[in-house]
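Chemist: My structure is in upload37.txt, and what it holds is compact mmCIF, C-alpha atoms:
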```txt
# COMPACT_ATOMS: atom_id res chain seq x y z
CA MET U 1 -38.98 1.51 -0.18
CA THR U 2 -38.70 0.57 -3.86
CA ARG U 3 -36.06 3.24 -4.51
CA SER U 4 -34.11 2.17 -1.44
CA ARG U 5 -34.15 -1.46 -2.54
CA ARG U 6 -33.03 -0.50 -6.03
CA THR U 7 -30.14 1.49 -4.56
CA GLU U 8 -29.10 -1.51 -2.46
CA GLN U 9 -29.22 -3.80 -5.50
CA THR U 10 -27.06 -1.37 -7.48
CA ALA U 11 -24.50 -1.24 -4.68
CA ASP U 12 -24.56 -5.04 -4.36
CA THR U 13 -23.93 -5.44 -8.09
CA ARG U 14 -21.02 -3.01 -8.03
CA GLN U 15 -19.45 -4.74 -5.03
CA ALA U 16 -19.90 -8.17 -6.63
CA LEU U 17 -18.01 -6.95 -9.69
CA ILE U 18 -15.22 -5.47 -7.57
CA SER U 19 -14.85 -8.63 -5.49
CA ALA U 20 -14.84 -10.91 -8.53
CA ALA U 21 -12.35 -8.69 -10.35
CA ARG U 22 -10.08 -8.54 -7.32
CA ARG U 23 -9.87 -12.33 -7.10
CA ARG U 24 -9.10 -12.66 -10.80
CA PHE U 25 -6.59 -9.80 -10.93
CA ALA U 26 -4.73 -11.17 -7.90
CA GLU U 27 -4.62 -14.74 -9.23
CA GLN U 28 -4.15 -14.18 -12.96
CA GLY U 29 -3.03 -10.60 -13.39
CA PHE U 30 -4.72 -7.83 -15.36
CA ALA U 31 -3.71 -8.95 -18.86
CA ALA U 32 -4.85 -12.55 -18.43
CA THR U 33 -8.23 -11.63 -16.94
CA GLY U 34 -11.18 -11.26 -19.30
CA THR U 35 -14.33 -9.30 -18.56
CA GLU U 36 -16.37 -12.41 -19.38
CA GLU U 37 -14.71 -14.18 -16.45
CA ILE U 38 -15.45 -11.29 -14.11
CA VAL U 39 -19.15 -11.05 -14.98
CA ALA U 40 -19.51 -14.83 -14.75
CA ASP U 41 -17.93 -14.88 -11.29
CA ALA U 42 -20.06 -11.94 -10.17
CA GLN U 43 -23.18 -13.53 -11.69
CA VAL U 44 -24.17 -10.35 -13.49
CA THR U 45 -24.51 -9.34 -17.11
CA ARG U 46 -21.85 -7.66 -19.21
CA GLY U 47 -24.19 -4.69 -19.42
CA ALA U 48 -24.09 -4.38 -15.65
CA LEU U 49 -20.29 -4.18 -15.74
CA TYR U 50 -20.31 -1.35 -18.27
CA HIS U 51 -23.08 0.41 -16.36
CA HIS U 52 -20.77 0.74 -13.36
CA PHE U 53 -17.36 0.96 -15.05
CA ARG U 54 -16.24 2.49 -18.33
CA ASP U 55 -13.89 -0.41 -19.09
CA LYS U 56 -11.70 -3.08 -17.49
CA ALA U 57 -9.02 -0.51 -16.70
CA GLU U 58 -11.44 1.62 -14.67
CA LEU U 59 -12.57 -1.48 -12.76
CA PHE U 60 -8.91 -2.31 -12.10
CA ARG U 61 -8.28 1.22 -10.82
CA THR U 62 -11.15 0.82 -8.35
CA VAL U 63 -9.80 -2.53 -7.15
CA MET U 64 -6.30 -1.09 -6.82
CA GLU U 65 -7.63 1.77 -4.71
CA GLN U 66 -9.50 -0.65 -2.46
CA VAL U 67 -6.44 -2.83 -1.86
CA ALA U 68 -4.18 0.17 -1.23
CA THR U 69 -6.66 1.64 1.26
CA GLU U 70 -6.85 -1.64 3.18
CA VAL U 71 -3.07 -1.89 3.41
CA ALA U 72 -2.74 1.73 4.57
CA GLU U 73 -5.31 1.11 7.30
CA GLN U 74 -3.61 -2.16 8.25
CA LEU U 75 -0.25 -0.44 8.59
CA VAL U 76 -1.58 2.36 10.77
CA ALA U 77 -3.48 -0.06 13.01
CA GLY U 78 -0.46 -2.34 13.31
CA GLU U 79 1.95 0.43 14.26
CA LEU U 80 -0.50 1.96 16.76
CA ALA U 81 -0.88 -1.45 18.39
CA ARG U 82 2.89 -1.89 18.46
CA ASP U 83 3.33 1.53 20.07
CA THR U 84 0.77 0.64 22.75
CA GLU U 85 2.77 -2.45 23.67
CA LEU U 86 6.25 -0.96 23.17
CA PRO U 87 6.12 2.86 23.18
CA SER U 88 8.79 4.47 21.04
CA ASP U 89 9.65 7.77 19.40
CA ALA U 90 8.15 8.91 16.08
CA TRP U 91 11.28 8.17 14.03
CA THR U 92 11.56 4.59 15.30
CA GLN U 93 7.84 4.10 14.65
CA LEU U 94 8.28 5.27 11.06
CA ARG U 95 11.27 3.02 10.41
CA GLN U 96 9.45 0.03 11.86
CA GLY U 97 6.40 0.90 9.77
CA PHE U 98 8.54 0.91 6.63
CA GLN U 99 9.75 -2.60 7.43
CA SER U 100 6.15 -3.70 8.00
CA LEU U 101 5.21 -2.42 4.54
CA LEU U 102 8.01 -4.50 3.04
CA ASP U 103 6.60 -7.53 4.87
CA ILE U 104 3.19 -6.85 3.33
CA SER U 105 4.79 -6.36 -0.10
CA THR U 106 6.13 -9.91 0.23
CA ALA U 107 3.24 -11.70 1.97
CA ASP U 108 0.03 -10.05 0.72
CA SER U 109 -0.64 -11.44 -2.76
CA ASP U 110 -3.40 -8.92 -3.56
CA PHE U 111 -1.21 -5.93 -2.73
CA GLN U 112 1.82 -7.44 -4.41
CA ARG U 113 0.20 -8.33 -7.73
CA ILE U 114 -2.48 -5.66 -8.08
CA VAL U 115 -0.87 -2.55 -6.58
CA LEU U 116 2.88 -3.08 -6.92
CA ILE U 117 3.27 -5.14 -10.09
CA ASP U 118 0.26 -4.54 -12.35
CA GLY U 119 -0.70 -1.11 -11.06
CA PRO U 120 2.16 0.93 -12.55
CA ALA U 121 2.20 -1.26 -15.69
CA VAL U 122 -1.53 -0.90 -16.39
CA LEU U 123 -2.24 2.63 -15.20
CA GLY U 124 1.21 4.23 -15.39
CA ASN U 125 3.46 5.66 -12.72
CA GLN U 126 1.13 8.61 -12.20
CA ALA U 127 -1.55 6.29 -10.78
CA TRP U 128 0.98 4.84 -8.33
CA ASP U 129 2.18 8.32 -7.35
CA ALA U 130 -1.42 9.41 -6.78
CA LEU U 131 -2.00 6.45 -4.44
CA VAL U 132 1.13 7.28 -2.44
CA GLU U 133 0.13 10.92 -2.21
CA ARG U 134 -3.42 10.08 -1.13
CA HIS U 135 -2.56 7.44 1.43
CA GLY U 136 0.92 8.30 2.62
CA TYR U 137 2.16 11.86 2.24
CA ARG U 138 0.10 13.53 4.96
CA LEU U 139 0.78 10.86 7.58
CA LEU U 140 4.45 10.60 6.64
CA SER U 141 4.98 14.37 6.82
CA GLU U 142 3.29 14.51 10.24
CA TRP U 143 5.54 11.77 11.61
CA LEU U 144 8.65 13.41 10.13
CA GLU U 145 7.72 16.69 11.80
CA ARG U 146 7.28 14.85 15.10
CA ALA U 147 10.67 13.19 14.69
CA MET U 148 12.25 16.61 14.15
CA ALA U 149 10.43 18.05 17.16
CA GLU U 150 11.71 15.13 19.25
CA GLU U 151 15.21 15.87 17.87
CA ARG U 152 15.57 12.37 16.50
CA ILE U 153 16.35 13.53 12.97
CA ASP U 154 17.94 16.68 11.60
CA PRO U 155 15.57 19.58 10.87
CA LEU U 156 14.99 19.66 7.12
CA PRO U 157 12.32 21.07 4.77
CA VAL U 158 9.41 18.68 5.32
CA GLY U 159 7.89 18.82 1.82
CA PRO U 160 10.87 17.58 -0.19
CA LEU U 161 11.93 15.21 2.60
CA THR U 162 8.48 13.59 2.55
CA ARG U 163 8.59 13.06 -1.20
CA LEU U 164 12.10 11.61 -1.16
CA VAL U 165 11.41 9.24 1.73
CA ALA U 166 8.14 8.17 0.09
CA ALA U 167 9.99 7.55 -3.18
CA LEU U 168 12.55 5.38 -1.39
CA LEU U 169 9.80 3.36 0.26
CA SER U 170 7.82 3.01 -2.98
CA GLU U 171 10.83 1.78 -4.92
CA ALA U 172 11.74 -0.63 -2.12
CA SER U 173 8.22 -2.10 -2.16
CA ILE U 174 8.10 -2.45 -5.95
CA TYR U 175 11.58 -4.00 -6.01
CA THR U 176 10.56 -6.56 -3.37
CA ALA U 177 7.29 -7.50 -5.08
CA GLY U 178 8.89 -7.99 -8.49
CA ALA U 179 11.97 -9.92 -7.37
CA ALA U 180 12.54 -13.53 -8.42
CA ASP U 181 13.12 -14.35 -4.74
CA PRO U 182 10.88 -11.91 -2.80
CA ASP U 183 11.88 -13.23 0.63
CA THR U 184 15.58 -12.62 0.03
CA ALA U 185 14.87 -9.31 -1.69
CA ARG U 186 12.75 -8.20 1.25
CA ILE U 187 15.58 -8.76 3.75
CA GLU U 188 18.25 -7.18 1.54
CA ILE U 189 16.21 -4.11 0.60
CA GLY U 190 15.14 -3.74 4.24
CA ILE U 191 18.77 -3.53 5.34
CA VAL U 192 19.63 -1.00 2.64
CA LEU U 193 16.52 1.12 3.25
CA ASP U 194 17.07 1.38 6.99
CA ARG U 195 20.76 2.14 6.52
CA LEU U 196 19.87 5.06 4.27
CA LEU U 197 17.20 6.35 6.63
CA ARG U 198 19.47 6.16 9.64
CA GLY U 199 21.63 8.77 7.91
CA LEU U 200 18.86 11.29 8.61
CA GLY U 201 19.48 10.90 12.34
CA ARG U 202 20.31 13.95 14.38
CA GLY U 203 23.79 15.02 13.33
CA GLY U 204 23.99 11.95 11.07
CA ASP U 205 25.23 9.91 14.02
CA LEU U 206 24.41 6.32 13.05
CA ALA U 207 25.94 4.94 16.22
CA GLU U 208 23.09 6.39 18.25
CA GLN U 209 20.46 4.69 16.06
CA PRO U 210 20.59 0.90 16.19
CA PRO U 211 18.99 -0.70 13.13
CA VAL U 212 15.39 -1.83 13.41
CA SER U 213 14.64 -5.47 12.67
CA VAL U 214 14.54 -6.30 8.96
CA ASP U 215 13.85 -10.02 9.27
CA SER U 216 10.99 -11.11 7.04
CA GLY U 217 7.86 -11.77 9.04
CA THR U 218 8.32 -9.12 11.73
CA GLY U 219 5.45 -6.96 10.60
CA PRO U 220 1.69 -7.49 10.12
CA GLN U 221 0.91 -9.98 7.35
CA ARG U 222 -2.26 -11.01 5.60
CA ALA U 223 -2.02 -13.64 2.93
CA HIS U 224 -4.66 -14.28 0.29
```
Could you render the structure from this file as structure tokens?
Modeler:
Amino acid sequence: MTRSRRTEQTADTRQALISAARRRFAEQGFAATGTEEIVADAQVTRGALYHHFRDKAELFRTVMEQVATEVAEQLVAGELARDTELPSDAWTQLRQGFQSLLDISTADSDFQRIVLIDGPAVLGNQAWDALVERHGYRLLSEWLERAMAEERIDPLPVGPLTRLVAALLSEASIYTAGAADPDTARIEIGIVLDRLLRGLGRGGDLAEQPPVSVDSGTGPQRAH
């Protein structure tokens, strides 16, 4: 019983630190957030912070992973719900999902500041690439294979196609989050992104693929 309670307290302390850090990182950014603010908000000692995390950067990496995981789950749930209401082919589902991610890049302040803006700056592009690979490559490649099987896009090597499409989507999200006018940037980059992707259509026939909606606000949103 004592060991179990101690384990619970340790988990509670770690989660308190993560939650406090997430609020500060989203509101102030990584550079402007001090560890003294985090431990004060979490109501723990500085020693507790360094017991669970090597430094502020490691705590930030944990927060970034948490936010990215939530957004990935939100996207999948949103697109599955959309497909239940309005069934569509795999390629249309993917293109609509990409637009939903751009909506989140504009509306979700945690994802925007922590993952898209500070993430690459604090941890380097490799950390961002690792997140994309962990949360997106497998699902993206599966949907691309389905789109080829349904003859909606031309048959191409799935590995390189997955990486290139993921890179397009990543750059579009980062561009939107860092723009001076994110709402305008979201619409403009959405139009450009979908135009490029439509070129993958079977035989490259754009006329057979009407553009998906790129109006801001069409996808799932969660503001903080």
Chemist: Using all atoms listed in the file, find each residue of region 121-152 of chain U with at least one atom at most 10 Å away from an atom of region 198-201 of chain U; report its shortest atom-to-atom pair and that distance in Å (one decimal), sort the rows by chain and rising residue number, and return the result as JSON lines.
Modeler:
```
{"residue": "U:Ala147", "atom": "CA", "partner": "U:Gly201", "partner_atom": "CA", "distance": 9.4}
{"residue": "U:Met148", "atom": "CA", "partner": "U:Gly201", "partner_atom": "CA", "distance": 9.4}
{"residue": "U:Glu151", "atom": "CA", "partner": "U:Gly201", "partner_atom": "CA", "distance": 8.6}
{"residue": "U:Arg152", "atom": "CA", "partner": "U:Gly201", "partner_atom": "CA", "distance": 5.9}
```
Chemist: Of the candidates U:Thr62, U:Thr13, U:Gln28, U:Gln93, which one gets nearest to Gln43 (chain U) if we count only C-alpha atoms?
Modeler: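 Looking at the shortest contact to Gln43 (chain U), the residue is U:Thr13.
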Chemist: Just the number, please: distance in Å from CA of Val158 (chain U) to CA of Ser141 (chain U), one decimal.
Modeler: 6.4 Å
Chemist: Identify which of the residues U:Asp183, U:Asp129, U:Asp194, U:Asp108 lies closest to Ala167 (chain U), counting only C-alpha atoms when measuring atom-to-atom distances.
Modeler: U:Asp129
Chemist: Enter the distance from CA of Phe25 (chain U) to CA of Ala177 (chain U), in Å, rounded to one decimal.
Modeler: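 Answer for the CA of Phe25 (chain U) to CA of Ala177 (chain U) separation: 15.2 Å.
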Chemist: If we draw a sphere of 12 Å around (1.0, 0.3, -14.0), which residues have at least one atom in it when counting only C-alpha atoms? Please report them as a list in words.
Modeler: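 All residues meeting the 12 Å criterion around (1.0, 0.3, -14.0) are Gly29, Phe30, Ala31, Ala57, Phe60, Arg61, Met64, Arg113, Ile114, Val115, Leu116, Ile117, Asp118, Gly119, Pro120, Ala121, Val122, Leu123, Gly124, Asn125, Gln126, Ala127, Trp128, Asp129, Ala130, Leu131 and Ile174 of chain U.
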Chemist: Using CA of Glu133 (chain U) and CA of Asp154 (chain U) as the two end points, give the distance in Å to one decimal.
Modeler: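 Answer for the CA of Glu133 (chain U) to CA of Asp154 (chain U) separation: 23.3 Å.
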Chemist: Which of these, U:Ile18, U:Ile153, U:Leu169, U:Ala185, has the shortest distance to Phe98 (chain U) once you count all atoms listed in the file?
Modeler: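 Ranked by minimum distance to Phe98 (chain U), first place goes to U:Leu169.
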Chemist: What lies within 12 Å of Arg82 (chain U) using all atoms listed in the file, ignoring chain neighbours under 3 positions off, as a list in words?
Modeler: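 Returned residues: Leu75, Val76, Ala77, Gly78, Glu79, Glu85, Leu86, Pro87, Ser88, Asp89, Thr92, Gln93, Leu94, Gln96, Gly97, Ser100, Thr218, Gly219 and Pro220 of chain U.
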Chemist: With only C-alpha atoms counted, which protein, DNA or RNA residues have an atom no more than 6 Å from (-16.8, -8.5, -11.9) in the file frame? Please answer as a ChimeraX atom specification.
Modeler: /U:17-18,20-21,38-39,42
Chemist: U:Thr162, U:Lys56, U:Pro155, U:Pro182: which is nearest Thr33 (chain U), counting all atoms listed in the file?
Modeler: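 Checking each of U:Thr162, U:Lys56, U:Pro155, U:Pro182 against Thr33 (chain U), counting all atoms listed in the file, the winner is U:Lys56.
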Chemist: If I wrap all listed atoms of region 176-190 of chain U in a box with edges along x, y and z and add 8 Å on each side, what are its centre and edge lengths in Å to one decimal, as JSON?
Modeler:
```
{"center_x": 12.8, "center_y": -9.0, "center_z": -2.1, "size_x": 27.0, "size_y": 26.6, "size_z": 28.7}
```
